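S.K.: Here it is, the structure in full.
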Amino acid sequence: MNTPRPDHLEQRLRRDAERIAVSADEHFSQRVSNQLNPPHVSTRPPVNRLSWWAWGIAAPAALAVAVLLLQNPAVQPGPQPAALAGLDVNLDKALAQREHDLRRELQKVRSDLNRVESMLGLGGKAFSK
Amino acid sequence: MTQQQERDLINRAQAGSVSAFEAIVQHYQNRLLRFLMLRGWQQADAEDAAQTAFVRAWQNLSGYQSKWRFSTWLYSIALRCAAEHRSLPVGNTELDGISLELDPCLSEQLRNNLWSVARQQLTAPAFQALWLHYAEGFSGKEVAHIMQRNSVWVRVTLHRARQQLQKIFTPDSTGPTIESVEQHEHTTP
């Protein structure tokens, strides 16, 4: 019977770890490119770059989009049939609630950033943009 | 990155260079994420813990001594951060993550991979020591330092882990599968 040698096992452990590393790196890179706007990447300070996941860049962006949508006349409700009037009210309520939620989320992100700034002793400079 | 390049970056970062530390972070962040996620963490949790580790490394950079490799120092910080993140002692065997579900992105990568068998067969600290040694290339002493254990524990643990995997490992196969492991478990008293 062909008994496997220990060095075969060690080689296999190293090779399989390499396989995991390669595909995990691809996954991470894909995720970063999906979430970041590349031109901003090279100009951010490192604390910003290493914290993109934690500081929820998506939250302020989503808030900005929501506010723009609310302010855009193209999406303001025009004259509607009477049957849809209630729907408008519900939609307004839902949008107001969403805006409120996003503002709270933004507030939380800002407070997190302030906390990290003070931890790093950056005095509010790193995340001021 | 060569050792000299890393040494230069560390010196510059210790002198206050944020861009040098940025390069260090970029070099290590994926490795740290993989390491944490293989403990059974979801990606978002692993990212949080990795970030805490980098922030703490930055804060304590002046205290880093070249007695250990920088990676050894960083991984020991990361492991402590990970333990704090879950309020668990370092090397906890019951809830250290191995029994938890893997992040989907890693599940796919571990298909037909010897490390998936290792995750199933070994205790969490044994798996961790094995990974640090064979996948990350740390020496026994370095693994001991990272895991806050002694060198004898690491040697014995690695030896037993290898023995355990040896029983089910066949070098010419495309890789051990979940089925082959289960079959092995049924045939072993």
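In the structure tokens, chains take the letters A, B, ... in the order shown, each chain's residues start at 1, and ligands count up from 1 in the order shown.
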Could you give me, as a PyMOL selection string, the residues within 8 Å of Arg155 of chain B, counting only C-alpha atoms and dropping anything in the same chain fewer than 4 positions from it?
M.R.: chain B and resi 140+151+159
S.K.: Could those selected residues go to a file with N, CA and C atoms, as a tab-separated table (two decimals), in the first residue's frame?
M.R.:
chain	number	residue	atom	x	y	z
B	140	GLY	N	7.83	28.09	14.32
B	140	GLY	CA	7.16	27.62	15.54
B	140	GLY	C	7.19	28.66	16.65
B	151	SER	N	6.51	27.31	22.89
B	151	SER	CA	6.97	26.63	21.68
B	151	SER	C	6.68	25.13	21.70
B	159	HIS	N	2.45	18.67	15.30
B	159	HIS	CA	2.72	17.25	15.08
B	159	HIS	C	1.41	16.45	15.08
S.K.: Just asking: which residues within segment 22-168 of chain B are helix (DSSP H, G or I) according to DSSP, as a ChimeraX atom specification?
M.R.: /B:22-37,43-59,61-63,70-85,104-109,114-121,124-135,140-147,151-166
S.K.: Have a look at atom CA of Leu61 of chain B and atom CA of Gln14 of chain B and let me know their distance in Å, one decimal.
M.R.: 5.9 Å
S.K.: Please identify all residues of chain B having at least one atom at most 7 Å from any atom of chain A, considering only C-alpha atoms, and return them as a PyMOL selection string.
M.R.: chain B and resi 18-19+22+30+48+51+59+109-110+113-115+134-135+166+170-171
S.K.: Selection from above, N, CA and C atoms, as a tab-separated table (two decimals), in the first residue's frame, can you write it?
M.R.:
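Contents of result.tsv, freshly written:
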chain	number	residue	atom	x	y	z
B	18	VAL	N	2.50	58.68	7.17
B	18	VAL	CA	1.22	57.99	6.99
B	18	VAL	C	1.25	57.16	5.71
B	19	SER	N	1.92	57.69	4.67
B	19	SER	CA	1.94	56.95	3.40
B	19	SER	C	2.71	55.63	3.55
B	22	GLU	N	0.42	53.29	5.16
B	22	GLU	CA	-0.59	52.89	4.17
B	22	GLU	C	-0.08	51.70	3.35
B	30	ASN	N	-5.17	41.89	3.19
B	30	ASN	CA	-5.83	40.70	2.67
B	30	ASN	C	-5.43	39.44	3.46
B	48	ASP	N	-13.80	44.52	10.43
B	48	ASP	CA	-13.81	45.35	11.65
B	48	ASP	C	-12.61	45.04	12.53
B	51	GLN	N	-9.38	46.16	10.96
B	51	GLN	CA	-9.21	47.60	11.07
B	51	GLN	C	-8.75	48.00	12.48
B	59	GLN	N	-1.06	53.07	16.45
B	59	GLN	CA	-0.91	53.76	17.73
B	59	GLN	C	0.33	53.29	18.50
B	109	GLN	N	-14.05	28.51	-2.08
B	109	GLN	CA	-12.62	28.32	-2.26
B	109	GLN	C	-12.12	27.08	-1.51
B	110	LEU	N	-12.84	26.68	-0.48
B	110	LEU	CA	-12.38	25.55	0.33
B	110	LEU	C	-12.87	24.20	-0.19
B	113	ASN	N	-10.39	21.16	-0.83
B	113	ASN	CA	-9.15	21.75	-0.34
B	113	ASN	C	-8.82	21.13	1.01
B	114	LEU	N	-7.55	20.78	1.18
B	114	LEU	CA	-7.15	20.11	2.42
B	114	LEU	C	-7.47	20.93	3.67
B	115	TRP	N	-7.50	22.25	3.49
B	115	TRP	CA	-7.77	23.11	4.65
B	115	TRP	C	-9.21	22.98	5.14
B	134	TYR	N	1.97	26.84	8.07
B	134	TYR	CA	2.09	26.40	6.69
B	134	TYR	C	1.59	27.42	5.67
B	135	ALA	N	0.58	28.14	6.01
B	135	ALA	CA	0.03	29.09	5.03
B	135	ALA	C	0.70	30.45	5.14
B	166	GLN	N	-2.80	13.21	8.15
B	166	GLN	CA	-2.10	12.17	7.40
B	166	GLN	C	-2.98	10.95	7.19
B	170	THR	N	-4.49	11.64	0.83
B	170	THR	CA	-3.89	10.84	-0.24
B	170	THR	C	-3.28	11.81	-1.24
B	171	PRO	N	-1.97	11.75	-1.42
B	171	PRO	CA	-1.28	12.78	-2.20
B	171	PRO	C	-1.68	12.85	-3.67
S.K.: Would you please work out which residue, of B:Arg80, B:Lys141, B:Arg119, B:Arg31, is nearest to Lys67 of chain B when using only C-alpha atoms?
M.R.: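 Ranking B:Arg80, B:Lys141, B:Arg119, B:Arg31 by distance to Lys67 of chain B, first place goes to B:Lys141.
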